[in-house]
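Heads up, target12.cif below (mmCIF, C-alpha atoms):
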```cif
data_coords
#
loop_
_atom_site.group_PDB
_atom_site.id
_atom_site.type_symbol
_atom_site.label_atom_id
_atom_site.label_comp_id
_atom_site.auth_asym_id
_atom_site.auth_seq_id
_atom_site.Cartn_x
_atom_site.Cartn_y
_atom_site.Cartn_z
ATOM 1 C CA MET A 1 0.000 0.000 0.000
ATOM 2 C CA GLY A 2 1.282 3.409 -0.978
ATOM 3 C CA LEU A 3 1.407 6.499 1.230
ATOM 4 C CA VAL A 4 -1.648 8.076 -0.354
ATOM 5 C CA GLU A 5 -3.678 4.851 -0.050
ATOM 6 C CA TYR A 6 -2.562 4.476 3.537
ATOM 7 C CA GLN A 7 -3.636 8.006 4.399
ATOM 8 C CA LEU A 8 -6.977 7.559 2.633
ATOM 9 C CA PHE A 9 -7.932 4.327 4.326
ATOM 10 C CA SER A 10 -6.058 4.381 7.611
ATOM 11 C CA ASP A 11 -8.339 6.875 9.260
ATOM 12 C CA GLY A 12 -11.250 5.048 10.704
ATOM 13 C CA GLU A 13 -13.140 8.120 11.810
ATOM 14 C CA GLY A 14 -14.991 8.390 8.602
ATOM 15 C CA LEU A 15 -13.808 11.673 7.157
ATOM 16 C CA GLY A 16 -15.080 12.098 3.748
ATOM 17 C CA LEU A 17 -13.013 10.618 1.015
ATOM 18 C CA GLU A 18 -13.245 13.835 -0.873
ATOM 19 C CA GLU A 19 -11.862 15.845 2.020
ATOM 20 C CA LYS A 20 -8.982 13.443 2.426
ATOM 21 C CA ILE A 21 -8.220 13.592 -1.288
ATOM 22 C CA LEU A 22 -8.330 17.387 -1.211
ATOM 23 C CA SER A 23 -6.086 17.445 1.842
ATOM 24 C CA ILE A 24 -3.594 15.095 0.220
ATOM 25 C CA LEU A 25 -3.841 17.038 -3.026
ATOM 26 C CA GLY A 26 -3.120 20.260 -1.119
ATOM 27 C CA GLU A 27 -0.056 18.680 0.465
ATOM 28 C CA LEU A 28 1.073 17.385 -2.925
ATOM 29 C CA LEU A 29 0.623 20.815 -4.481
ATOM 30 C CA LYS A 30 2.497 22.368 -1.585
ATOM 31 C CA GLY A 31 5.311 19.816 -2.007
ATOM 32 C CA GLN A 32 5.313 20.410 -5.758
ATOM 33 C CA GLU A 33 5.602 24.160 -5.186
ATOM 34 C CA GLU A 34 8.487 23.587 -2.783
ATOM 35 C CA LEU A 35 10.172 21.402 -5.400
ATOM 36 C CA ARG A 36 9.654 24.124 -8.031
ATOM 37 C CA ASN A 37 11.185 26.678 -5.666
ATOM 38 C CA ASP A 38 14.090 24.336 -4.979
ATOM 39 C CA VAL A 39 14.585 23.730 -8.725
ATOM 40 C CA THR A 40 14.426 27.490 -9.362
ATOM 41 C CA ALA A 41 16.969 28.062 -6.587
ATOM 42 C CA LEU A 42 19.165 25.335 -8.086
ATOM 43 C CA LYS A 43 18.902 26.956 -11.530
ATOM 44 C CA VAL A 44 19.815 30.341 -10.039
ATOM 45 C CA GLY A 45 22.728 28.736 -8.192
ATOM 46 C CA GLN A 46 23.784 26.952 -11.371
ATOM 47 C CA GLU A 47 23.679 30.245 -13.297
ATOM 48 C CA GLU A 48 25.725 31.918 -10.572
ATOM 49 C CA LEU A 49 28.235 29.070 -10.803
ATOM 50 C CA ARG A 50 28.367 29.501 -14.594
ATOM 51 C CA ASN A 51 28.989 33.225 -14.103
ATOM 52 C CA ASP A 52 31.675 32.449 -11.529
ATOM 53 C CA VAL A 53 33.304 29.942 -13.902
ATOM 54 C CA THR A 54 33.168 32.517 -16.710
ATOM 55 C CA ALA A 55 34.729 35.113 -14.405
ATOM 56 C CA LEU A 56 37.403 32.590 -13.414
ATOM 57 C CA LYS A 57 38.118 31.865 -17.081
ATOM 58 C CA VAL A 58 38.437 35.599 -17.769
ATOM 59 C CA GLY A 59 40.696 35.971 -14.725
ATOM 60 C CA GLN A 60 42.755 32.995 -15.832
ATOM 61 C CA GLU A 61 43.155 34.509 -19.302
ATOM 62 C CA GLU A 62 44.223 37.814 -17.741
ATOM 63 C CA LEU A 63 46.761 35.926 -15.628
ATOM 64 C CA ARG A 64 48.060 34.189 -18.751
ATOM 65 C CA ASP A 65 48.427 37.582 -20.430
ATOM 66 C CA ASP A 66 50.224 38.921 -17.360
ATOM 67 C CA VAL A 67 52.559 35.914 -17.287
ATOM 68 C CA THR A 68 53.263 36.376 -20.993
ATOM 69 C CA ALA A 69 54.019 40.062 -20.390
ATOM 70 C CA LEU A 70 56.311 39.108 -17.497
ATOM 71 C CA LYS A 71 58.130 36.609 -19.716
ATOM 72 C CA VAL A 72 58.600 39.277 -22.386
ATOM 73 C CA GLY A 73 59.845 41.736 -19.765
ATOM 74 C CA GLN A 74 62.198 39.126 -18.347
ATOM 75 C CA GLU A 75 63.599 38.432 -21.817
ATOM 76 C CA GLU A 76 64.117 42.171 -22.359
ATOM 77 C CA LEU A 77 65.955 42.352 -19.028
ATOM 78 C CA ARG A 78 68.145 39.415 -20.060
ATOM 79 C CA ASN A 79 68.977 41.214 -23.300
ATOM 80 C CA ASP A 80 69.766 44.406 -21.373
ATOM 81 C CA VAL A 81 72.039 42.505 -18.971
ATOM 82 C CA THR A 82 73.787 40.835 -21.906
ATOM 83 C CA ALA A 83 74.288 44.224 -23.563
ATOM 84 C CA LEU A 84 75.652 45.622 -20.296
ATOM 85 C CA LYS A 85 78.086 42.712 -19.989
ATOM 86 C CA ILE A 86 79.288 43.246 -23.552
ATOM 87 C CA GLY A 87 79.675 46.973 -22.887
ATOM 88 C CA GLN A 88 81.541 46.270 -19.667
ATOM 89 C CA GLU A 89 83.905 43.900 -21.457
ATOM 90 C CA ALA A 90 84.534 46.535 -24.136
ATOM 91 C CA LEU A 91 85.222 49.176 -21.478
ATOM 92 C CA THR A 92 87.558 46.815 -19.630
ATOM 93 C CA SER A 93 89.439 46.189 -22.857
ATOM 94 C CA GLU A 94 89.684 49.924 -23.576
ATOM 95 C CA VAL A 95 90.867 50.682 -20.033
ATOM 96 C CA THR A 96 93.518 47.964 -20.315
ATOM 97 C CA HIS A 97 94.670 49.409 -23.638
ATOM 98 C CA ILE A 98 94.799 52.939 -22.209
ATOM 99 C CA LYS A 99 96.680 51.685 -19.140
ATOM 100 C CA LEU A 100 99.290 49.920 -21.270
ATOM 101 C CA THR A 101 99.655 52.957 -23.527
ATOM 102 C CA LEU A 102 100.095 55.262 -20.544
ATOM 103 C CA GLU A 103 102.600 52.919 -18.929
ATOM 104 C CA ASN A 104 104.648 52.707 -22.111
ATOM 105 C CA GLU A 105 104.519 56.439 -22.851
ATOM 106 C CA THR A 106 105.055 57.404 -19.219
ATOM 107 C CA ASN A 107 108.030 55.084 -18.851
ATOM 108 C CA VAL A 108 109.637 56.548 -21.963
ATOM 109 C CA LYS A 109 109.026 60.105 -20.767
ATOM 110 C CA ILE A 110 110.256 59.364 -17.248
ATOM 111 C CA GLN A 111 113.385 57.759 -18.697
ATOM 112 C CA ALA A 112 113.927 60.815 -20.912
ATOM 113 C CA LEU A 113 113.496 63.133 -17.918
ATOM 114 C CA PHE A 114 115.919 61.030 -15.866
ATOM 115 C CA ASP A 115 118.479 61.071 -18.692
ATOM 116 C CA ALA A 116 118.045 64.836 -19.099
ATOM 117 C CA ARG A 117 118.521 65.283 -15.344
ATOM 118 C CA GLU A 118 121.711 63.223 -15.405
ATOM 119 C CA VAL A 119 123.021 65.259 -18.334
ATOM 120 C CA GLN A 120 122.059 68.479 -16.515
ATOM 121 C CA LYS A 121 123.854 67.243 -13.376
ATOM 122 C CA ASP A 122 126.979 66.635 -15.473
ATOM 123 C CA VAL A 123 126.657 70.094 -17.061
ATOM 124 C CA ASN A 124 126.130 71.688 -13.647
ATOM 125 C CA GLN A 125 129.150 69.821 -12.223
ATOM 126 C CA HIS A 126 131.249 71.000 -15.145
ATOM 127 C CA ILE A 127 130.033 74.587 -14.578
ATOM 128 C CA PHE A 128 130.848 74.371 -10.850
ATOM 129 C CA THR A 129 134.296 73.041 -11.663
ATOM 130 C CA GLU A 130 134.819 75.878 -14.149
ATOM 131 C CA LEU A 131 133.560 78.390 -11.567
ATOM 132 C CA ASP A 132 135.982 77.022 -8.984
ATOM 133 C CA GLN A 133 138.814 77.382 -11.502
ATOM 134 C CA ILE A 134 137.705 80.918 -12.381
ATOM 135 C CA LYS A 135 137.441 81.754 -8.694
ATOM 136 C CA GLY A 136 140.977 80.464 -8.134
ATOM 137 C CA LYS A 137 142.239 82.543 -11.058
ATOM 138 C CA LEU A 138 140.411 85.609 -9.715
ATOM 139 C CA ASP A 139 141.959 85.101 -6.318
ATOM 140 C CA ARG A 140 145.438 84.895 -7.892
ATOM 141 C CA LEU A 141 144.741 87.959 -10.021
ATOM 142 C CA GLN A 142 143.621 89.898 -6.988
ATOM 143 C CA ILE A 143 146.749 88.886 -5.153
ATOM 144 C CA GLU A 144 148.940 89.858 -8.115
ATOM 145 C CA THR A 145 147.040 93.128 -8.541
ATOM 146 C CA ALA A 146 147.444 93.898 -4.886
ATOM 147 C CA HIS A 147 151.141 93.053 -5.087
ATOM 148 C CA VAL A 148 151.578 95.254 -8.181
ATOM 149 C CA ARG A 149 149.970 98.200 -6.360
ATOM 150 C CA VAL A 150 152.189 97.719 -3.422
ATOM 151 C CA VAL A 151 155.234 97.659 -5.665
ATOM 152 C CA LYS A 152 154.317 100.891 -7.491
#
```

Kindly present the structure from the file in structure tokens form.
Amino acid sequence: MGLVEYQLFSDGEGLGLEEKILSILGELLKGQEELRNDVTALKVGQEELRNDVTALKVGQEELRDDVTALKVGQEELRNDVTALKIGQEALTSEVTHIKLTLENETNVKIQALFDAREVQKDVNQHIFTELDQIKGKLDRLQIETAHVRVVK
């Protein structure tokens, strides 16, 4: 025996069959309405889930675009770093070349200055020797001149 049959015939008080049917029908309609409301709520929830999934897909696509942009930026940074390394190597090479050139030119010039100084020292020594000789001659001349004056 089904639920409806049980409710119809289980009551021994003699309610009218029509009243029982109407009562059961009212409960069925009420249950049906609750089911409709539940189905409507489920459809609304399902639509909200679809919207959320769509929003997630859009967000995921935006993240993919951002990751792609980051990869491009990272590659540009790598290229910049490579260019900086190449430039640094070129500058290091130029500085080394300049350093060697300066060392070579400076050494030659310092050697020339040293040689010139040595020559000048020799010239000065010769001049001092000559001055000493001239001074000695002057002293003798003064003595002779003084002696000649005394004799006159």

* So what do you get for atom CA of A:Ala41 versus atom CA of A:Leu28, distance-wise? ->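 Going from atom CA of A:Ala41 over to atom CA of A:Leu28, I get 19.5 Å.
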
* Asked: When you draw a straight line from atom CA of A:His97 to atom CA of A:Val81, how long is it in Å?
  ->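 Separating atom CA of A:His97 from atom CA of A:Val81 is a distance of 24.1 Å.
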
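Here atom CA of A:Val119 stands at a distance of 25.6 Å from atom CA of A:Gly136.
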
Once you add 3 Å to each side, what are the centre and edge lengths of the axis-aligned box holding all listed atoms of stretch 108-117 of chain A? One decimal in Å, as JSON, if you can.
```
{"center_x": 113.8, "center_y": 60.9, "center_z": -18.7, "size_x": 15.5, "size_y": 14.7, "size_z": 12.6}
```
